[in-house]
>>> print(open('upload-v3.cif').read())   # mmCIF, C-alpha atoms
data_data
loop_
_atom_site.group_PDB
_atom_site.id
_atom_site.type_symbol
_atom_site.label_atom_id
_atom_site.label_comp_id
_atom_site.auth_asym_id
_atom_site.auth_seq_id
_atom_site.Cartn_x
_atom_site.Cartn_y
_atom_site.Cartn_z
ATOM 1 C CA MET A 1 -103.700 -6.865 161.478
ATOM 2 C CA LYS A 2 -105.333 -8.544 158.495
ATOM 3 C CA ALA A 3 -106.834 -6.551 155.666
ATOM 4 C CA LYS A 4 -109.509 -8.224 153.545
ATOM 5 C CA ILE A 5 -109.698 -6.308 150.295
ATOM 6 C CA HIS A 6 -112.302 -6.528 147.545
ATOM 7 C CA VAL A 7 -111.687 -4.965 144.143
ATOM 8 C CA THR A 8 -114.488 -4.817 141.563
ATOM 9 C CA LEU A 9 -115.195 -2.920 138.382
ATOM 10 C CA LYS A 10 -117.059 0.324 139.008
ATOM 11 C CA GLN A 11 -120.814 0.321 138.555
ATOM 12 C CA GLY A 12 -121.597 1.468 135.022
ATOM 13 C CA ILE A 13 -118.520 -0.178 133.525
ATOM 14 C CA LEU A 14 -119.358 -3.287 131.554
ATOM 15 C CA ASP A 15 -118.177 -6.431 133.310
ATOM 16 C CA PRO A 16 -118.000 -9.102 130.572
ATOM 17 C CA GLN A 17 -117.244 -11.890 133.056
ATOM 18 C CA GLY A 18 -120.196 -10.852 135.220
ATOM 19 C CA LYS A 19 -122.451 -10.831 132.143
ATOM 20 C CA ALA A 20 -121.338 -14.354 131.141
ATOM 21 C CA ILE A 21 -122.056 -15.652 134.641
ATOM 22 C CA GLU A 22 -125.400 -13.858 134.673
ATOM 23 C CA HIS A 23 -126.412 -15.650 131.466
ATOM 24 C CA ALA A 24 -125.275 -18.986 132.900
ATOM 25 C CA LEU A 25 -127.309 -18.416 136.062
ATOM 26 C CA ASP A 26 -130.304 -17.501 133.944
ATOM 27 C CA SER A 27 -130.010 -20.680 131.883
ATOM 28 C CA LEU A 28 -129.810 -22.694 135.110
ATOM 29 C CA GLY A 29 -133.195 -21.318 136.056
ATOM 30 C CA PHE A 30 -132.140 -18.577 138.467
ATOM 31 C CA LYS A 31 -134.423 -16.115 136.741
ATOM 32 C CA ASN A 32 -134.304 -13.582 139.562
ATOM 33 C CA ALA A 33 -130.474 -13.290 139.616
ATOM 34 C CA GLY A 34 -129.007 -10.190 138.014
ATOM 35 C CA ASN A 35 -126.258 -7.558 138.020
ATOM 36 C CA VAL A 36 -123.426 -10.056 138.620
ATOM 37 C CA ARG A 37 -120.096 -8.356 139.243
ATOM 38 C CA VAL A 38 -116.843 -10.317 139.293
ATOM 39 C CA GLY A 39 -113.967 -9.042 141.364
ATOM 40 C CA LYS A 40 -110.779 -9.910 143.171
ATOM 41 C CA TYR A 41 -110.402 -10.759 146.827
ATOM 42 C CA MET A 42 -107.060 -10.256 148.538
ATOM 43 C CA GLU A 43 -105.842 -10.773 152.099
ATOM 44 C CA VAL A 44 -102.870 -8.786 153.332
ATOM 45 C CA ASP A 45 -101.226 -9.044 156.744
ATOM 46 C CA VAL A 46 -100.116 -5.622 157.919
ATOM 47 C CA GLU A 47 -97.714 -5.518 160.867
ATOM 48 C CA GLU A 48 -99.219 -2.501 162.568
ATOM 49 C CA LYS A 49 -101.111 -2.300 165.857
ATOM 50 C CA ASP A 50 -102.566 1.165 165.334
ATOM 51 C CA LYS A 51 -105.757 0.690 163.333
ATOM 52 C CA ALA A 52 -105.757 4.196 161.859
ATOM 53 C CA LYS A 53 -102.197 3.794 160.591
ATOM 54 C CA ALA A 54 -102.938 0.346 159.180
ATOM 55 C CA GLU A 55 -106.010 1.704 157.440
ATOM 56 C CA ALA A 56 -104.021 4.547 155.879
ATOM 57 C CA GLN A 57 -101.516 2.004 154.591
ATOM 58 C CA VAL A 58 -104.160 -0.293 153.127
ATOM 59 C CA LYS A 59 -105.839 2.640 151.434
ATOM 60 C CA SER A 60 -102.519 3.663 149.924
ATOM 61 C CA MET A 61 -101.892 0.068 148.727
ATOM 62 C CA CYS A 62 -105.274 0.045 147.001
ATOM 63 C CA GLU A 63 -104.766 3.434 145.369
ATOM 64 C CA LYS A 64 -101.231 2.720 144.178
ATOM 65 C CA LEU A 65 -101.391 -0.908 143.113
ATOM 66 C CA LEU A 66 -104.264 -3.168 144.109
ATOM 67 C CA ALA A 67 -106.991 -1.286 142.212
ATOM 68 C CA ASN A 68 -106.892 0.763 139.035
ATOM 69 C CA THR A 69 -109.235 3.507 140.148
ATOM 70 C CA ILE A 70 -109.977 4.551 136.571
ATOM 71 C CA VAL A 71 -112.106 1.422 136.173
ATOM 72 C CA GLU A 72 -112.185 -0.272 139.568
ATOM 73 C CA GLU A 73 -113.418 0.450 143.086
ATOM 74 C CA TYR A 74 -112.243 -1.153 146.299
ATOM 75 C CA ARG A 75 -113.433 -1.780 149.821
ATOM 76 C CA TYR A 76 -111.729 -3.426 152.740
ATOM 77 C CA GLU A 77 -112.222 -4.712 156.247
ATOM 78 C CA LEU A 78 -109.489 -4.523 158.854
ATOM 79 C CA GLY A 79 -109.292 -6.784 161.872
ATOM 80 C CA MET B 1 -80.186 5.812 115.540
ATOM 81 C CA LYS B 2 -79.979 4.057 118.880
ATOM 82 C CA ILE B 3 -83.213 2.362 119.904
ATOM 83 C CA GLY B 4 -83.737 0.933 123.384
ATOM 84 C CA VAL B 5 -86.018 -2.086 123.772
ATOM 85 C CA VAL B 6 -87.037 -2.696 127.379
ATOM 86 C CA VAL B 7 -87.091 -6.315 128.529
ATOM 87 C CA PHE B 8 -89.430 -7.108 131.416
ATOM 88 C CA PRO B 9 -89.678 -10.584 132.900
ATOM 89 C CA GLY B 10 -92.341 -12.060 130.616
ATOM 90 C CA SER B 11 -91.780 -9.801 127.586
ATOM 91 C CA ASN B 12 -91.963 -11.948 124.458
ATOM 92 C CA CYS B 13 -91.981 -9.519 121.538
ATOM 93 C CA ASP B 14 -88.733 -7.825 122.554
ATOM 94 C CA HIS B 15 -86.612 -9.723 120.054
ATOM 95 C CA ASP B 16 -89.112 -9.125 117.253
ATOM 96 C CA CYS B 17 -88.772 -5.383 117.869
ATOM 97 C CA GLN B 18 -84.992 -5.723 117.986
ATOM 98 C CA HIS B 19 -85.058 -7.676 114.712
ATOM 99 C CA ILE B 20 -87.073 -5.001 112.892
ATOM 100 C CA PHE B 21 -84.947 -2.077 114.008
ATOM 101 C CA LYS B 22 -81.617 -3.894 113.689
ATOM 102 C CA ASP B 23 -81.906 -6.385 110.823
ATOM 103 C CA VAL B 24 -84.668 -4.828 108.726
ATOM 104 C CA LEU B 25 -83.936 -1.136 109.267
ATOM 105 C CA GLY B 26 -80.203 -1.258 110.091
ATOM 106 C CA GLN B 27 -80.275 0.644 113.364
ATOM 107 C CA TYR B 28 -78.364 0.103 116.590
ATOM 108 C CA VAL B 29 -80.532 -1.580 119.225
ATOM 109 C CA GLU B 30 -79.857 -1.841 122.923
ATOM 110 C CA MET B 31 -81.814 -4.371 124.977
ATOM 111 C CA ILE B 32 -82.567 -2.810 128.363
ATOM 112 C CA TRP B 33 -83.196 -5.101 131.332
ATOM 113 C CA HIS B 34 -85.977 -3.768 133.515
ATOM 114 C CA LYS B 35 -83.609 -3.351 136.484
ATOM 115 C CA GLU B 36 -81.689 -0.583 134.691
ATOM 116 C CA THR B 37 -82.223 2.906 136.051
ATOM 117 C CA LEU B 38 -80.023 4.954 133.719
ATOM 118 C CA LEU B 39 -80.824 5.330 130.033
ATOM 119 C CA ALA B 40 -78.104 7.220 128.227
ATOM 120 C CA GLY B 41 -77.726 8.066 124.570
ATOM 121 C CA LEU B 42 -81.010 6.562 123.363
ATOM 122 C CA ASP B 43 -83.031 8.156 120.570
ATOM 123 C CA ALA B 44 -86.245 6.200 121.214
ATOM 124 C CA ILE B 45 -87.583 3.540 123.572
ATOM 125 C CA VAL B 46 -89.883 0.611 122.811
ATOM 126 C CA LEU B 47 -91.948 -1.151 125.461
ATOM 127 C CA PRO B 48 -92.631 -4.474 123.743
ATOM 128 C CA GLY B 49 -95.518 -6.908 123.961
ATOM 129 C CA GLY B 50 -95.711 -9.968 126.161
ATOM 130 C CA PHE B 51 -96.954 -10.884 129.598
ATOM 131 C CA SER B 52 -94.792 -8.845 131.965
ATOM 132 C CA TYR B 53 -94.939 -10.333 135.467
ATOM 133 C CA GLY B 54 -97.390 -12.935 134.195
ATOM 134 C CA ASP B 55 -100.087 -10.237 133.882
ATOM 135 C CA TYR B 56 -100.697 -10.821 137.591
ATOM 136 C CA LEU B 57 -103.184 -8.484 139.280
ATOM 137 C CA ARG B 58 -103.777 -6.496 136.052
ATOM 138 C CA THR B 59 -101.878 -6.262 132.768
ATOM 139 C CA GLY B 60 -98.976 -3.872 133.237
ATOM 140 C CA ALA B 61 -99.829 -3.177 136.887
ATOM 141 C CA ILE B 62 -96.594 -4.555 138.308
ATOM 142 C CA ALA B 63 -94.296 -3.727 135.375
ATOM 143 C CA ARG B 64 -95.038 -0.045 135.826
ATOM 144 C CA PHE B 65 -93.126 -0.197 139.122
ATOM 145 C CA SER B 66 -90.055 -1.772 137.500
ATOM 146 C CA PRO B 67 -86.902 0.252 138.223
ATOM 147 C CA VAL B 68 -86.525 1.149 134.527
ATOM 148 C CA MET B 69 -89.912 2.890 134.378
ATOM 149 C CA GLY B 70 -88.662 5.933 136.314
ATOM 150 C CA ALA B 71 -86.037 6.476 133.625
ATOM 151 C CA VAL B 72 -88.572 5.842 130.833
ATOM 152 C CA LYS B 73 -90.867 8.503 132.335
ATOM 153 C CA GLU B 74 -87.961 10.921 132.631
ATOM 154 C CA PHE B 75 -86.991 10.219 129.000
ATOM 155 C CA ALA B 76 -90.565 10.911 127.844
ATOM 156 C CA LYS B 77 -90.807 14.046 129.965
ATOM 157 C CA LYS B 78 -87.805 15.443 128.084
ATOM 158 C CA GLY B 79 -89.604 14.772 124.798
ATOM 159 C CA GLY B 80 -88.090 11.351 124.002
ATOM 160 C CA MET B 81 -90.152 9.065 121.778
ATOM 161 C CA VAL B 82 -91.716 6.060 123.507
ATOM 162 C CA LEU B 83 -93.651 3.373 121.637
ATOM 163 C CA GLY B 84 -95.693 0.863 123.643
ATOM 164 C CA ILE B 85 -96.998 -2.174 121.781
ATOM 165 C CA CYS B 86 -99.722 -4.395 123.277
ATOM 166 C CA ASN B 87 -98.443 -5.159 126.802
ATOM 167 C CA GLY B 88 -96.257 -2.074 126.365
ATOM 168 C CA PHE B 89 -99.423 -0.010 125.786
ATOM 169 C CA GLN B 90 -101.005 -1.564 128.876
ATOM 170 C CA ILE B 91 -97.911 -0.604 130.912
ATOM 171 C CA LEU B 92 -98.051 2.995 129.608
ATOM 172 C CA LEU B 93 -101.691 3.195 130.761
ATOM 173 C CA GLU B 94 -100.957 1.761 134.209
ATOM 174 C CA ALA B 95 -97.995 4.144 134.523
ATOM 175 C CA GLY B 96 -100.246 7.102 133.748
ATOM 176 C CA MET B 97 -98.146 8.037 130.703
ATOM 177 C CA LEU B 98 -101.289 7.692 128.573
ATOM 178 C CA PRO B 99 -104.888 8.238 129.735
ATOM 179 C CA GLY B 100 -107.390 5.432 130.324
ATOM 180 C CA ALA B 101 -107.322 1.754 131.260
ATOM 181 C CA MET B 102 -107.758 -1.671 129.680
ATOM 182 C CA LEU B 103 -110.673 -3.989 130.408
ATOM 183 C CA ARG B 104 -111.067 -7.658 129.504
ATOM 184 C CA ASN B 105 -112.119 -8.176 125.875
ATOM 185 C CA ARG B 106 -115.892 -8.018 125.434
ATOM 186 C CA SER B 107 -115.898 -11.658 124.261
ATOM 187 C CA LEU B 108 -113.683 -12.744 127.204
ATOM 188 C CA HIS B 109 -111.480 -14.531 124.669
ATOM 189 C CA PHE B 110 -107.819 -14.078 123.942
ATOM 190 C CA ILE B 111 -107.956 -12.850 120.333
ATOM 191 C CA CYS B 112 -105.069 -13.590 117.984
ATOM 192 C CA LYS B 113 -105.804 -12.614 114.384
ATOM 193 C CA ASP B 114 -105.294 -10.050 111.650
ATOM 194 C CA VAL B 115 -107.604 -7.044 111.941
ATOM 195 C CA SER B 116 -108.106 -3.882 109.926
ATOM 196 C CA VAL B 117 -106.955 -0.661 111.510
ATOM 197 C CA LYS B 118 -107.391 2.865 110.188
ATOM 198 C CA VAL B 119 -104.729 5.548 110.493
ATOM 199 C CA GLU B 120 -106.832 8.417 111.853
ATOM 200 C CA ASN B 121 -103.925 10.763 112.397
ATOM 201 C CA ALA B 122 -101.000 10.556 109.983
ATOM 202 C CA ALA B 123 -99.423 13.738 111.334
ATOM 203 C CA THR B 124 -97.713 12.074 114.320
ATOM 204 C CA SER B 125 -94.053 11.085 114.672
ATOM 205 C CA PHE B 126 -95.152 7.435 114.614
ATOM 206 C CA THR B 127 -97.474 7.521 111.598
ATOM 207 C CA SER B 128 -96.119 10.216 109.245
ATOM 208 C CA ALA B 129 -95.114 7.661 106.603
ATOM 209 C CA TYR B 130 -98.761 6.592 106.189
ATOM 210 C CA GLU B 131 -101.555 8.405 104.380
ATOM 211 C CA SER B 132 -104.348 9.776 106.524
ATOM 212 C CA GLY B 133 -107.256 7.304 106.415
ATOM 213 C CA GLN B 134 -105.035 4.451 105.216
ATOM 214 C CA VAL B 135 -106.276 0.991 106.266
ATOM 215 C CA LEU B 136 -103.677 -1.453 107.605
ATOM 216 C CA LYS B 137 -103.926 -5.202 107.983
ATOM 217 C CA ILE B 138 -102.203 -5.893 111.258
ATOM 218 C CA PRO B 139 -102.376 -8.666 113.872
ATOM 219 C CA ILE B 140 -103.679 -8.329 117.411
ATOM 220 C CA ALA B 141 -102.965 -10.822 120.185
ATOM 221 C CA HIS B 142 -104.483 -9.938 123.539
ATOM 222 C CA ALA B 143 -107.129 -10.701 126.148
ATOM 223 C CA ASP B 144 -107.246 -7.195 127.624
ATOM 224 C CA GLY B 145 -107.534 -4.694 124.799
ATOM 225 C CA ASN B 146 -110.921 -3.241 125.585
ATOM 226 C CA TYR B 147 -109.880 0.376 126.035
ATOM 227 C CA TYR B 148 -111.817 2.541 128.462
ATOM 228 C CA THR B 149 -111.624 6.134 129.591
ATOM 229 C CA ASP B 150 -114.076 8.630 131.059
ATOM 230 C CA PRO B 151 -116.222 10.722 128.653
ATOM 231 C CA VAL B 152 -114.378 13.982 129.400
ATOM 232 C CA THR B 153 -110.964 12.480 128.591
ATOM 233 C CA LEU B 154 -112.366 10.808 125.476
ATOM 234 C CA ALA B 155 -113.793 14.096 124.197
ATOM 235 C CA ALA B 156 -110.476 15.842 124.817
ATOM 236 C CA MET B 157 -108.575 13.103 122.970
ATOM 237 C CA GLN B 158 -111.009 13.264 120.050
ATOM 238 C CA ALA B 159 -110.699 17.051 119.857
ATOM 239 C CA ASN B 160 -106.899 16.784 119.993
ATOM 240 C CA ALA B 161 -106.634 14.046 117.324
ATOM 241 C CA GLN B 162 -104.973 11.795 119.925
ATOM 242 C CA ILE B 163 -106.869 8.742 118.699
ATOM 243 C CA VAL B 164 -104.322 7.651 116.121
ATOM 244 C CA LEU B 165 -105.548 4.149 115.197
ATOM 245 C CA ARG B 166 -109.072 2.736 115.154
ATOM 246 C CA TYR B 167 -110.435 -0.723 114.349
ATOM 247 C CA CYS B 168 -112.372 -0.689 111.089
ATOM 248 C CA THR B 169 -113.681 -2.869 108.272
ATOM 249 C CA PRO B 170 -111.243 -3.725 105.435
ATOM 250 C CA GLU B 171 -112.921 -0.867 103.539
ATOM 251 C CA GLY B 172 -112.103 1.583 106.310
ATOM 252 C CA LYS B 173 -115.533 1.918 107.939
ATOM 253 C CA VAL B 174 -115.377 2.270 111.718
ATOM 254 C CA THR B 175 -118.235 0.041 112.900
ATOM 255 C CA GLN B 176 -119.061 -2.003 115.987
ATOM 256 C CA GLU B 177 -118.821 -5.202 113.906
ATOM 257 C CA ALA B 178 -115.228 -4.296 113.097
ATOM 258 C CA ASN B 179 -114.420 -3.759 116.774
ATOM 259 C CA PRO B 180 -112.731 -6.980 117.942
ATOM 260 C CA ASN B 181 -112.633 -6.356 121.675
ATOM 261 C CA GLY B 182 -115.285 -3.783 122.620
ATOM 262 C CA SER B 183 -112.774 -0.945 122.792
ATOM 263 C CA LEU B 184 -114.320 2.494 123.389
ATOM 264 C CA ASP B 185 -114.700 4.437 120.117
ATOM 265 C CA ASN B 186 -112.930 1.508 118.342
ATOM 266 C CA ILE B 187 -109.631 2.727 119.794
ATOM 267 C CA ALA B 188 -106.614 0.654 118.752
ATOM 268 C CA GLY B 189 -103.922 3.241 119.454
ATOM 269 C CA ILE B 190 -103.595 6.628 121.165
ATOM 270 C CA ILE B 191 -100.905 9.269 121.579
ATOM 271 C CA ASN B 192 -100.261 11.661 124.454
ATOM 272 C CA ALA B 193 -101.052 15.366 124.105
ATOM 273 C CA GLU B 194 -97.356 16.187 123.625
ATOM 274 C CA GLY B 195 -97.145 13.713 120.721
ATOM 275 C CA ASN B 196 -94.114 11.708 121.851
ATOM 276 C CA VAL B 197 -95.721 8.656 123.537
ATOM 277 C CA LEU B 198 -97.798 6.233 121.465
ATOM 278 C CA GLY B 199 -99.563 3.117 122.706
ATOM 279 C CA MET B 200 -101.121 0.594 120.328
ATOM 280 C CA MET B 201 -102.643 -2.849 120.783
ATOM 281 C CA PRO B 202 -101.887 -4.227 117.263
ATOM 282 C CA HIS B 203 -98.406 -5.641 116.622
ATOM 283 C CA PRO B 204 -96.607 -3.724 113.824
ATOM 284 C CA GLU B 205 -93.406 -5.711 114.484
ATOM 285 C CA ARG B 206 -95.218 -8.875 113.365
ATOM 286 C CA CYS B 207 -95.975 -7.428 109.933
ATOM 287 C CA ALA B 208 -92.964 -5.377 108.939
ATOM 288 C CA GLU B 209 -91.338 -7.535 106.278
ATOM 289 C CA ALA B 210 -92.672 -8.289 102.808
ATOM 290 C CA VAL B 211 -91.006 -11.708 102.961
ATOM 291 C CA LEU B 212 -93.412 -12.617 105.766
ATOM 292 C CA GLY B 213 -96.364 -11.707 103.580
ATOM 293 C CA ASN B 214 -97.270 -8.366 105.116
ATOM 294 C CA ASP B 215 -95.318 -5.201 105.827
ATOM 295 C CA ASP B 216 -98.175 -2.867 106.744
ATOM 296 C CA GLY B 217 -96.595 -2.269 110.155
ATOM 297 C CA LYS B 218 -93.178 -1.243 108.907
ATOM 298 C CA MET B 219 -94.126 2.415 108.410
ATOM 299 C CA ILE B 220 -94.586 2.832 112.167
ATOM 300 C CA PHE B 221 -90.865 2.216 112.635
ATOM 301 C CA LEU B 222 -89.894 4.150 109.508
ATOM 302 C CA SER B 223 -91.975 7.119 110.655
ATOM 303 C CA MET B 224 -90.136 7.060 113.980
ATOM 304 C CA LEU B 225 -86.740 7.034 112.269
ATOM 305 C CA GLU B 226 -87.722 9.822 109.895
ATOM 306 C CA SER B 227 -88.971 11.995 112.697
ATOM 307 C CA LEU B 228 -85.835 11.289 114.757
ATOM 308 C CA LYS B 229 -83.703 12.414 111.830
ATOM 309 C CA GLY B 230 -85.800 15.578 111.633
ATOM 310 C CA ASN B 231 -85.375 16.131 115.352
ATOM 311 C CA LYS B 232 -81.635 15.716 115.064
ATOM 312 C CA LYS B 233 -81.528 18.229 112.234
ATOM 313 C CA GLN B 234 -83.545 20.684 114.293
ATOM 314 C CA LEU B 235 -81.268 20.176 117.285
ATOM 315 C CA LYS B 236 -78.203 20.818 115.136
ATOM 316 C CA MET B 237 -79.749 24.029 113.830
ATOM 317 C CA VAL B 238 -80.430 25.153 117.396
ATOM 318 C CA GLU B 239 -76.854 24.308 118.398
ATOM 319 C CA ALA B 240 -75.432 26.146 115.389
#
>>> encode(input="upload-v3.cif", output="structure tokens")
Amino acid sequence: MKAKIHVTLKQGILDPQGKAIEHALDSLGFKNAGNVRVGKYMEVDVEEKDKAKAEAQVKSMCEKLLANTIVEEYRYELG
Amino acid sequence: MKIGVVVFPGSNCDHDCQHIFKDVLGQYVEMIWHKETLLAGLDAIVLPGGFSYGDYLRTGAIARFSPVMGAVKEFAKKGGMVLGICNGFQILLEAGMLPGAMLRNRSLHFICKDVSVKVENAATSFTSAYESGQVLKIPIAHADGNYYTDPVTLAAMQANAQIVLRYCTPEGKVTQEANPNGSLDNIAGIINAEGNVLGMMPHPERCAEAVLGNDDGKMIFLSMLESLKGNKKQLKMVEA
């Protein structure tokens, strides 16, 4: 099973990279673009046929290592 | 005293810390490879600066799972003194030994320069040789030093005098202009509630010798040694 994991800074926490990109988009004329958030995308193969078990594992991976939940949030798709 | 300096793959200030304790202050220093799991006979542990594990994923995120970190946590739990400098501070945060997390610098740049830092709490084991309110000139060198924690934790740390070092102007004023990286409340260094684990972004080991033009950082190490001597005295009294 493949897990596709996105990690981004929590809403409300300043994302300096997102802000820099936002300004660049603005100067390129994309005046209606805003609230840019930069994150990480990771793919992990999990050798597990049971979706519930795989999901529990991916959640644990995110909590323990892939995201720092003090400042980051994560979401994932499994398939 | 016997000081342990942990060496992670990618540490690069480990030998500077060794040099200060050994050559400048005449102590015994043991370099501890991160695969070690037993730490015996140490009086204090230093987690040095650098780029452990290439800073992959997040600074300190992988180093905190190094085999040695279990023993470092155990050492701290028993009251042992642990000093984390720069990447060492980031590792202490990721390991949950200090509250909060590091974000990318507000400017997005890697900043390497002398800054002014104010000693807000000179009553700790790491800062007792300074005067309260003393302003130090001390270098920083990091891309992720923008400290963050939630408002409740921040308030508790403020109430507990756990914010030990703050970025300031050369005159000692804590202002946003003097904040190099966007750090919350100008935080440059914090201590745990128990007072035996200190994390700081500035590099005292890079300014601990007058011959190099600046020894403002030396008192961090001297404070540690003084407090260790005090501890030893206390222990002897208890034993007697």
>>> resolve_selection(input="upload-v3.cif", expression="the PyMOL selection byres ((chain B) within 9 of (chain A))", output="list in words")
Leu57, Arg58, Ala61, Ile62, Glu94, Gly100, Ala101, Met102, Leu103, Arg104, Asn105, Arg106, Ser107, Leu108, Tyr148, Thr149 and Asp150 of chain B
>>> resolve_selection(input="upload-v3.cif", expression="the PyMOL selection byres ((chain B and resi 20) around 10)", output="list in words")
His15, Asp16, Cys17, Gln18, His19, Phe21, Lys22, Asp23, Val24, Leu25, Gly26, Gln27, Val29, Pro204, Glu205, Arg206, Cys207, Ala208, Glu209, Lys218 and Phe221 of chain B
>>> resolve_selection(input="upload-v3.cif", expression="the PyMOL selection byres ((chain B and resi 120-136) around 6)", output="mmCIF file with C-alpha atoms, keeping the file's coordinate frame")
data_model
loop_
_atom_site.group_PDB
_atom_site.id
_atom_site.type_symbol
_atom_site.label_atom_id
_atom_site.label_comp_id
_atom_site.auth_asym_id
_atom_site.auth_seq_id
_atom_site.Cartn_x
_atom_site.Cartn_y
_atom_site.Cartn_z
ATOM 1 C CA SER B 116 -108.106 -3.882 109.926
ATOM 2 C CA VAL B 117 -106.955 -0.661 111.510
ATOM 3 C CA LYS B 118 -107.391 2.865 110.188
ATOM 4 C CA VAL B 119 -104.729 5.548 110.493
ATOM 5 C CA LYS B 137 -103.926 -5.202 107.983
ATOM 6 C CA ILE B 138 -102.203 -5.893 111.258
ATOM 7 C CA VAL B 164 -104.322 7.651 116.121
ATOM 8 C CA LEU B 165 -105.548 4.149 115.197
ATOM 9 C CA GLY B 172 -112.103 1.583 106.310
ATOM 10 C CA ASP B 216 -98.175 -2.867 106.744
ATOM 11 C CA MET B 219 -94.126 2.415 108.410
ATOM 12 C CA ILE B 220 -94.586 2.832 112.167
ATOM 13 C CA SER B 223 -91.975 7.119 110.655
ATOM 14 C CA MET B 224 -90.136 7.060 113.980
ATOM 15 C CA SER B 227 -88.971 11.995 112.697
#
>>> residues_around(input="upload-v3.cif", residues="Glu73 (chain A)", least_positions_apart="6", cutoff="6 Å", atoms="only C-alpha atoms", output="JSON list (two decimals) with C-alpha atoms, keeping the file's coordinate frame")
[["chain", "number", "residue", "atom", "x", "y", "z"],
["A", 7, "VAL", "CA", -111.69, -4.96, 144.14],
["A", 8, "THR", "CA", -114.49, -4.82, 141.56],
["A", 10, "LYS", "CA", -117.06, 0.32, 139.01]]
>>> closest_residue(input="upload-v3.cif", among="B:Ala178, B:Ile187, B:Ala40, B:Ala143", to="Val72 (chain B)", atoms="all atoms listed in the file")
B:Ala40
>>> residues_around(input="upload-v3.cif", residues="Tyr76 (chain A)", least_positions_apart="3", cutoff="12 Å", atoms="all atoms listed in the file", output="MDAnalysis selection string")
chainID A and resid 2:8 40:44 54:62 66:67 73 79
>>> closest_residue(input="upload-v3.cif", among="B:Gly60, B:Asp43, B:Gly189, B:Lys173", to="Lys78 (chain B)", atoms="all atoms listed in the file")
B:Asp43
>>> closest_residue(input="upload-v3.cif", among="A:Glu77, A:Gly18, A:Ala24, A:Glu48", to="Val36 (chain A)", atoms="all atoms listed in the file")
A:Gly18
>>> residues_around(input="upload-v3.cif", residues="Asn231 (chain B)", least_positions_apart="6", cutoff="12 Å", atoms="only C-alpha atoms", output="mmCIF file with C-alpha atoms, in the frame of the given file")
data_model
loop_
_atom_site.group_PDB
_atom_site.id
_atom_site.type_symbol
_atom_site.label_atom_id
_atom_site.label_comp_id
_atom_site.auth_asym_id
_atom_site.auth_seq_id
_atom_site.Cartn_x
_atom_site.Cartn_y
_atom_site.Cartn_z
ATOM 1 C CA MET B 1 -80.186 5.812 115.540
ATOM 2 C CA ASP B 43 -83.031 8.156 120.570
ATOM 3 C CA ALA B 44 -86.245 6.200 121.214
ATOM 4 C CA GLY B 79 -89.604 14.772 124.798
ATOM 5 C CA GLY B 80 -88.090 11.351 124.002
ATOM 6 C CA MET B 81 -90.152 9.065 121.778
ATOM 7 C CA SER B 125 -94.053 11.085 114.672
ATOM 8 C CA ASN B 196 -94.114 11.708 121.851
ATOM 9 C CA MET B 224 -90.136 7.060 113.980
ATOM 10 C CA LEU B 225 -86.740 7.034 112.269
ATOM 11 C CA MET B 237 -79.749 24.029 113.830
ATOM 12 C CA VAL B 238 -80.430 25.153 117.396
#
>>> atom_distance(input="upload-v3.cif", atom1="CA of Lys2 (chain B)", atom2="CA of Arg64 (chain B)")
23.0 Å
>>> atom_distance(input="upload-v3.cif", atom1="CA of His203 (chain B)", atom2="CA of Gly217 (chain B)")
7.5 Å
>>> decode(input="upload-v3.cif", residues="region 75-105 of chain B", atoms="C-alpha atoms", output="tab-separated table (two decimals), in the first residue's frame")
chain	number	residue	atom	x	y	z
B	75	PHE	CA	21.10	11.38	32.42
B	76	ALA	CA	18.94	14.53	32.40
B	77	LYS	CA	16.12	12.80	34.25
B	78	LYS	CA	18.55	12.07	37.09
B	79	GLY	CA	19.43	15.77	37.23
B	80	GLY	CA	22.54	15.71	35.00
B	81	MET	CA	23.42	18.96	33.25
B	82	VAL	CA	22.84	19.01	29.49
B	83	LEU	CA	23.81	21.95	27.28
B	84	GLY	CA	22.50	22.06	23.71
B	85	ILE	CA	24.07	24.62	21.38
B	86	CYS	CA	22.44	25.53	18.05
B	87	ASN	CA	21.76	22.14	16.41
B	88	GLY	CA	22.03	20.71	19.93
B	89	PHE	CA	19.18	23.02	21.01
B	90	GLN	CA	17.15	21.93	17.99
B	91	ILE	CA	17.70	18.27	18.97
B	92	LEU	CA	16.60	18.97	22.57
B	93	LEU	CA	13.37	20.50	21.21
B	94	GLU	CA	12.68	17.59	18.85
B	95	ALA	CA	13.41	15.16	21.70
B	96	GLY	CA	10.87	16.92	23.90
B	97	MET	CA	13.54	17.71	26.52
B	98	LEU	CA	12.70	21.40	26.10
B	99	PRO	CA	9.33	22.86	25.05
B	100	GLY	CA	8.62	24.36	21.62
B	101	ALA	CA	9.91	23.99	18.07
B	102	MET	CA	12.11	25.80	15.56
B	103	LEU	CA	10.81	27.42	12.38
B	104	ARG	CA	12.79	28.73	9.41
B	105	ASN	CA	14.29	32.17	10.04
